[in-house]
Amino acid sequence: MRQYYPLYWLPTMIVCSHYFYNVKYVSGRSMQPTLNPDSSRWRDIGIFNRFSVQSLEQFKRDDIVCLRSPIYPGQRLVKRILAVEGDIVKTLPPYPDVEVKVPLGHVWVEGDDHFNSDDSNQFGPVPSGLLESKLVYLIWPLDRVGQLRPPEIPSVRSDPSFRHAMAYQERQKARKARVIASA
């Protein structure tokens, strides 16, 4: 009986990973420097909240989500929500229109590294039904364990972390400047 003990918990683990939380390995450069930064030798592993999708919790701008690719349904993408339904987005090439109003039931997703990202600038607004989960916690690498938070600006300007924090603020400002939020 002792040898079957792990099987006893298997149904519980399957239910939890299907409906509540699951662990995902994040690969690729599209979310750099937020995820998989060049300064890390490891690829990021995070805990994603699936329950927020099943409970119809609203996703917000700047949430990092996992979604099914609208072009390749077997592929999963990890992107940032730039705009939600009703917002107007100033697009980037190769999208054919200069501005897009995000339709009802859709979101606009982009990677943090525009030049290495397959995102809404290629395939347009994404139906909310393709969203699978939201990143809530990094569990690997160990030096970055925890929730994603904006970097704090150090008082010493010559510190490399000062440049990192300022670059983060500039990226945030540029993202927000491209979105006209709906009321």
# chains A, B, ... in the order shown; residues from 1 in each chain; ligands from 1
$ residues_around --residues "range 78-93 of chain A" --least-positions-apart "5" --cutoff "9 Å" --atoms "only C-alpha atoms" --output "PDB file with N, CA and C atoms, in the first residue's frame"
ATOM      1  N   VAL A  26       9.125  29.507 -18.903  1.00  0.00           N
ATOM      2  CA  VAL A  26       9.053  30.602 -19.863  1.00  0.00           C
ATOM      3  C   VAL A  26      10.323  30.575 -20.709  1.00  0.00           C
ATOM      4  N   SER A  27      10.147  30.393 -22.005  1.00  0.00           N
ATOM      5  CA  SER A  27      11.310  30.385 -22.893  1.00  0.00           C
ATOM      6  C   SER A  27      11.172  31.516 -23.910  1.00  0.00           C
ATOM      7  N   SER A  30      10.952  37.226 -26.028  1.00  0.00           N
ATOM      8  CA  SER A  30       9.932  38.248 -26.279  1.00  0.00           C
ATOM      9  C   SER A  30       9.574  39.080 -25.050  1.00  0.00           C
ATOM     10  N   MET A  31       9.768  38.558 -23.848  1.00  0.00           N
ATOM     11  CA  MET A  31       9.420  39.311 -22.643  1.00  0.00           C
ATOM     12  C   MET A  31      10.652  39.879 -21.934  1.00  0.00           C
ATOM     13  N   PHE A  59      -9.010  40.799 -16.474  1.00  0.00           N
ATOM     14  CA  PHE A  59      -7.586  41.045 -16.629  1.00  0.00           C
ATOM     15  C   PHE A  59      -7.394  42.544 -16.770  1.00  0.00           C
ATOM     16  N   LYS A  60      -6.242  43.019 -16.312  1.00  0.00           N
ATOM     17  CA  LYS A  60      -5.955  44.443 -16.335  1.00  0.00           C
ATOM     18  C   LYS A  60      -4.789  44.728 -17.265  1.00  0.00           C
ATOM     19  N   ARG A  61      -4.656  45.986 -17.628  1.00  0.00           N
ATOM     20  CA  ARG A  61      -3.478  46.399 -18.385  1.00  0.00           C
ATOM     21  C   ARG A  61      -2.239  46.079 -17.548  1.00  0.00           C
ATOM     22  N   ASP A  62      -1.185  45.665 -18.207  1.00  0.00           N
ATOM     23  CA  ASP A  62       0.110  45.319 -17.603  1.00  0.00           C
ATOM     24  C   ASP A  62       0.147  43.947 -16.953  1.00  0.00           C
ATOM     25  N   ASP A  63      -0.949  43.192 -16.941  1.00  0.00           N
ATOM     26  CA  ASP A  63      -0.885  41.805 -16.474  1.00  0.00           C
ATOM     27  C   ASP A  63      -0.073  40.984 -17.463  1.00  0.00           C
ATOM     28  N   ILE A  64       0.749  40.090 -16.961  1.00  0.00           N
ATOM     29  CA  ILE A  64       1.478  39.158 -17.821  1.00  0.00           C
ATOM     30  C   ILE A  64       0.680  37.869 -17.835  1.00  0.00           C
ATOM     31  N   VAL A  65       0.308  37.436 -19.048  1.00  0.00           N
ATOM     32  CA  VAL A  65      -0.607  36.302 -19.186  1.00  0.00           C
ATOM     33  C   VAL A  65      -0.022  35.236 -20.105  1.00  0.00           C
ATOM     34  N   CYS A  66      -0.553  34.034 -19.950  1.00  0.00           N
ATOM     35  CA  CYS A  66      -0.272  32.946 -20.874  1.00  0.00           C
ATOM     36  C   CYS A  66      -1.530  32.766 -21.715  1.00  0.00           C
ATOM     37  N   LEU A  67      -1.365  32.651 -23.014  1.00  0.00           N
ATOM     38  CA  LEU A  67      -2.501  32.505 -23.904  1.00  0.00           C
ATOM     39  C   LEU A  67      -2.185  31.525 -25.024  1.00  0.00           C
ATOM     40  N   VAL A  98      -2.660  52.313 -38.201  1.00  0.00           N
ATOM     41  CA  VAL A  98      -1.898  53.124 -37.257  1.00  0.00           C
ATOM     42  C   VAL A  98      -2.482  53.018 -35.857  1.00  0.00           C
ATOM     43  N   GLU A  99      -3.816  53.000 -35.774  1.00  0.00           N
ATOM     44  CA  GLU A  99      -4.514  52.876 -34.490  1.00  0.00           C
ATOM     45  C   GLU A  99      -5.597  51.813 -34.601  1.00  0.00           C
ATOM     46  N   VAL A 100      -5.871  51.156 -33.478  1.00  0.00           N
ATOM     47  CA  VAL A 100      -6.908  50.127 -33.428  1.00  0.00           C
ATOM     48  C   VAL A 100      -7.697  50.318 -32.144  1.00  0.00           C
ATOM     49  N   LYS A 101      -9.022  50.239 -32.264  1.00  0.00           N
ATOM     50  CA  LYS A 101      -9.855  50.198 -31.070  1.00  0.00           C
ATOM     51  C   LYS A 101     -10.064  48.723 -30.747  1.00  0.00           C
ATOM     52  N   VAL A 102      -9.707  48.330 -29.520  1.00  0.00           N
ATOM     53  CA  VAL A 102      -9.814  46.926 -29.111  1.00  0.00           C
ATOM     54  C   VAL A 102     -11.296  46.582 -28.972  1.00  0.00           C
ATOM     55  N   PRO A 103     -11.775  45.589 -29.743  1.00  0.00           N
ATOM     56  CA  PRO A 103     -13.204  45.256 -29.698  1.00  0.00           C
ATOM     57  C   PRO A 103     -13.619  44.598 -28.381  1.00  0.00           C
ATOM     58  N   LEU A 104     -14.917  44.551 -28.183  1.00  0.00           N
ATOM     59  CA  LEU A 104     -15.509  43.929 -27.011  1.00  0.00           C
ATOM     60  C   LEU A 104     -15.069  42.466 -26.922  1.00  0.00           C
ATOM     61  N   GLY A 105     -14.656  42.030 -25.741  1.00  0.00           N
ATOM     62  CA  GLY A 105     -14.247  40.641 -25.546  1.00  0.00           C
ATOM     63  C   GLY A 105     -12.844  40.330 -26.046  1.00  0.00           C
ATOM     64  N   HIS A 106     -12.032  41.346 -26.278  1.00  0.00           N
ATOM     65  CA  HIS A 106     -10.670  41.163 -26.782  1.00  0.00           C
ATOM     66  C   HIS A 106      -9.672  41.940 -25.918  1.00  0.00           C
ATOM     67  N   VAL A 107      -8.401  41.608 -26.057  1.00  0.00           N
ATOM     68  CA  VAL A 107      -7.302  42.353 -25.438  1.00  0.00           C
ATOM     69  C   VAL A 107      -6.203  42.528 -26.482  1.00  0.00           C
ATOM     70  N   TRP A 108      -5.315  43.474 -26.234  1.00  0.00           N
ATOM     71  CA  TRP A 108      -4.147  43.698 -27.085  1.00  0.00           C
ATOM     72  C   TRP A 108      -2.934  43.275 -26.279  1.00  0.00           C
ATOM     73  N   VAL A 109      -2.179  42.283 -26.760  1.00  0.00           N
ATOM     74  CA  VAL A 109      -1.019  41.768 -26.027  1.00  0.00           C
ATOM     75  C   VAL A 109       0.257  42.050 -26.801  1.00  0.00           C
ATOM     76  N   GLU A 110       1.330  42.311 -26.064  1.00  0.00           N
ATOM     77  CA  GLU A 110       2.637  42.537 -26.671  1.00  0.00           C
ATOM     78  C   GLU A 110       3.719  41.987 -25.763  1.00  0.00           C
ATOM     79  N   GLY A 111       4.823  41.602 -26.385  1.00  0.00           N
ATOM     80  CA  GLY A 111       6.019  41.255 -25.638  1.00  0.00           C
ATOM     81  C   GLY A 111       6.756  42.520 -25.261  1.00  0.00           C
ATOM     82  N   ASP A 112       7.578  42.463 -24.228  1.00  0.00           N
ATOM     83  CA  ASP A 112       8.336  43.644 -23.817  1.00  0.00           C
ATOM     84  C   ASP A 112       9.457  43.976 -24.796  1.00  0.00           C
ATOM     85  N   HIS A 114       9.892  44.273 -28.445  1.00  0.00           N
ATOM     86  CA  HIS A 114       9.076  44.332 -29.665  1.00  0.00           C
ATOM     87  C   HIS A 114       9.724  43.653 -30.863  1.00  0.00           C
ATOM     88  N   SER A 117       9.178  39.555 -30.809  1.00  0.00           N
ATOM     89  CA  SER A 117       7.890  39.151 -30.257  1.00  0.00           C
ATOM     90  C   SER A 117       6.845  38.947 -31.346  1.00  0.00           C
ATOM     91  N   ASP A 119       3.170  39.063 -31.538  1.00  0.00           N
ATOM     92  CA  ASP A 119       2.134  39.578 -30.650  1.00  0.00           C
ATOM     93  C   ASP A 119       1.015  40.225 -31.448  1.00  0.00           C
ATOM     94  N   SER A 120       0.195  41.036 -30.803  1.00  0.00           N
ATOM     95  CA  SER A 120      -0.955  41.652 -31.467  1.00  0.00           C
ATOM     96  C   SER A 120      -0.552  42.556 -32.627  1.00  0.00           C
ATOM     97  N   ASN A 121       0.672  43.021 -32.664  1.00  0.00           N
ATOM     98  CA  ASN A 121       1.120  43.818 -33.809  1.00  0.00           C
ATOM     99  C   ASN A 121       1.223  42.966 -35.071  1.00  0.00           C
ATOM    100  N   GLN A 122       1.199  41.653 -34.923  1.00  0.00           N
ATOM    101  CA  GLN A 122       1.176  40.760 -36.080  1.00  0.00           C
ATOM    102  C   GLN A 122      -0.209  40.184 -36.314  1.00  0.00           C
ATOM    103  N   LEU A 135       0.396  35.341 -14.750  1.00  0.00           N
ATOM    104  CA  LEU A 135       1.606  35.133 -13.952  1.00  0.00           C
ATOM    105  C   LEU A 135       1.447  35.812 -12.598  1.00  0.00           C
ATOM    106  N   ARG A 175       4.950  52.502 -23.132  1.00  0.00           N
ATOM    107  CA  ARG A 175       3.768  51.643 -23.293  1.00  0.00           C
ATOM    108  C   ARG A 175       2.486  52.425 -23.031  1.00  0.00           C
ATOM    109  N   LYS A 176       2.469  53.183 -21.943  1.00  0.00           N
ATOM    110  CA  LYS A 176       1.265  53.938 -21.583  1.00  0.00           C
ATOM    111  C   LYS A 176       0.949  55.037 -22.603  1.00  0.00           C
ATOM    112  N   ALA A 177       1.979  55.612 -23.219  1.00  0.00           N
ATOM    113  CA  ALA A 177       1.773  56.667 -24.212  1.00  0.00           C
ATOM    114  C   ALA A 177       1.099  56.137 -25.469  1.00  0.00           C
ATOM    115  N   ARG A 178       1.166  54.846 -25.709  1.00  0.00           N
ATOM    116  CA  ARG A 178       0.582  54.259 -26.910  1.00  0.00           C
ATOM    117  C   ARG A 178      -0.872  53.827 -26.718  1.00  0.00           C
ATOM    118  N   VAL A 179      -1.407  53.974 -25.515  1.00  0.00           N
ATOM    119  CA  VAL A 179      -2.767  53.516 -25.236  1.00  0.00           C
ATOM    120  C   VAL A 179      -3.640  54.674 -24.759  1.00  0.00           C
ATOM    121  N   ILE A 180      -4.801  54.808 -25.391  1.00  0.00           N
ATOM    122  CA  ILE A 180      -5.814  55.755 -24.917  1.00  0.00           C
ATOM    123  C   ILE A 180      -6.873  54.890 -24.227  1.00  0.00           C
ATOM    124  N   ALA A 181      -6.910  54.980 -22.910  1.00  0.00           N
ATOM    125  CA  ALA A 181      -7.786  54.105 -22.110  1.00  0.00           C
ATOM    126  C   ALA A 181      -9.245  54.518 -22.276  1.00  0.00           C
ATOM    127  N   SER A 182     -10.105  53.494 -22.321  1.00  0.00           N
ATOM    128  CA  SER A 182     -11.543  53.775 -22.386  1.00  0.00           C
ATOM    129  C   SER A 182     -12.024  54.209 -21.009  1.00  0.00           C
ATOM    130  N   ALA A 183     -13.132  54.881 -20.983  1.00  0.00           N
ATOM    131  CA  ALA A 183     -13.651  55.394 -19.704  1.00  0.00           C
ATOM    132  C   ALA A 183     -14.181  54.332 -18.795  1.00  0.00           C
TER     133      ALA A 183
END
$ residues_around --residues "Ser161 in chain A" --least-positions-apart "5" --cutoff "12 Å" --atoms "only C-alpha atoms" --output "CSV table (one decimal) with C-alpha atoms, in the first residue's frame"
chain,number,residue,atom,x,y,z
A,39,SER,CA,21.8,39.0,-16.9
A,150,PRO,CA,9.0,47.5,-10.5
A,151,PRO,CA,12.6,48.0,-9.6
A,152,GLU,CA,13.4,50.5,-6.9
A,153,ILE,CA,15.5,53.5,-7.9
A,154,PRO,CA,18.7,53.5,-5.8
A,155,SER,CA,20.1,56.7,-4.5
A,156,VAL,CA,23.5,56.1,-6.0
A,166,MET,CA,15.3,54.1,-15.2
A,167,ALA,CA,15.1,51.9,-18.3
A,168,TYR,CA,12.1,50.1,-16.7
$ closest_residue --among "A:Asp113, A:Asp97, A:Asp38, A:Asp118" --to "Leu77 in chain A" --atoms "only C-alpha atoms"
A:Asp118
$ atom_distance --atom1 "CA of Gly28 in chain A" --atom2 "CA of Trp42 in chain A"
11.5 Å
$ atom_distance --atom1 "CA of Asn116 in chain A" --atom2 "CA of Gln169 in chain A"
20.3 Å
$ select_by_dssp --residues "chain A" --states "strand (DSSP E or B)" --output "ChimeraX atom specification"
/A:21-25,45-49,64-68,76-84,88-90,99-101,106-110,126-127,131-140,146,179-180
$ closest_residue --among "A:Ser52, A:Arg68, A:Ser128, A:Thr34" --to "Ala165 in chain A" --atoms "only C-alpha atoms"
A:Thr34
$ residues_around --residues "Phe123 in chain A" --least-positions-apart "5" --cutoff "8 Å" --atoms "only C-alpha atoms" --output "PyMOL selection string"
chain A and resi 70-71+95
$ write_last_selection --atoms "N, CA, C and O atoms" --output "compact mmCIF listing (two decimals), in the first residue's frame"
# COMPACT_ATOMS: atom_id res chain seq x y z
N PRO A 70 -3.23 32.74 -31.40
CA PRO A 70 -4.34 32.77 -32.35
C PRO A 70 -3.96 32.22 -33.73
O PRO A 70 -4.82 31.84 -34.51
N ILE A 71 -2.67 32.14 -34.01
CA ILE A 71 -2.21 31.63 -35.30
C ILE A 71 -1.89 30.14 -35.23
O ILE A 71 -2.27 29.38 -36.11
N TYR A 95 1.81 45.85 -38.15
CA TYR A 95 0.35 45.97 -38.18
C TYR A 95 -0.04 47.03 -39.21
O TYR A 95 0.54 48.12 -39.25
$ residues_around --residues "Asn22 in chain A" --least-positions-apart "5" --cutoff "12 Å" --atoms "only C-alpha atoms" --output "list in words"
Met13, Ile14, Val15, Cys16, Ser17, Ile45, Gly46, Ile47, Phe48, Asn49, Arg50, Phe51, Cys66, Glu132, Ser133, Lys134, Leu135, Val136, Tyr137, Leu138 and Ile139 of chain A
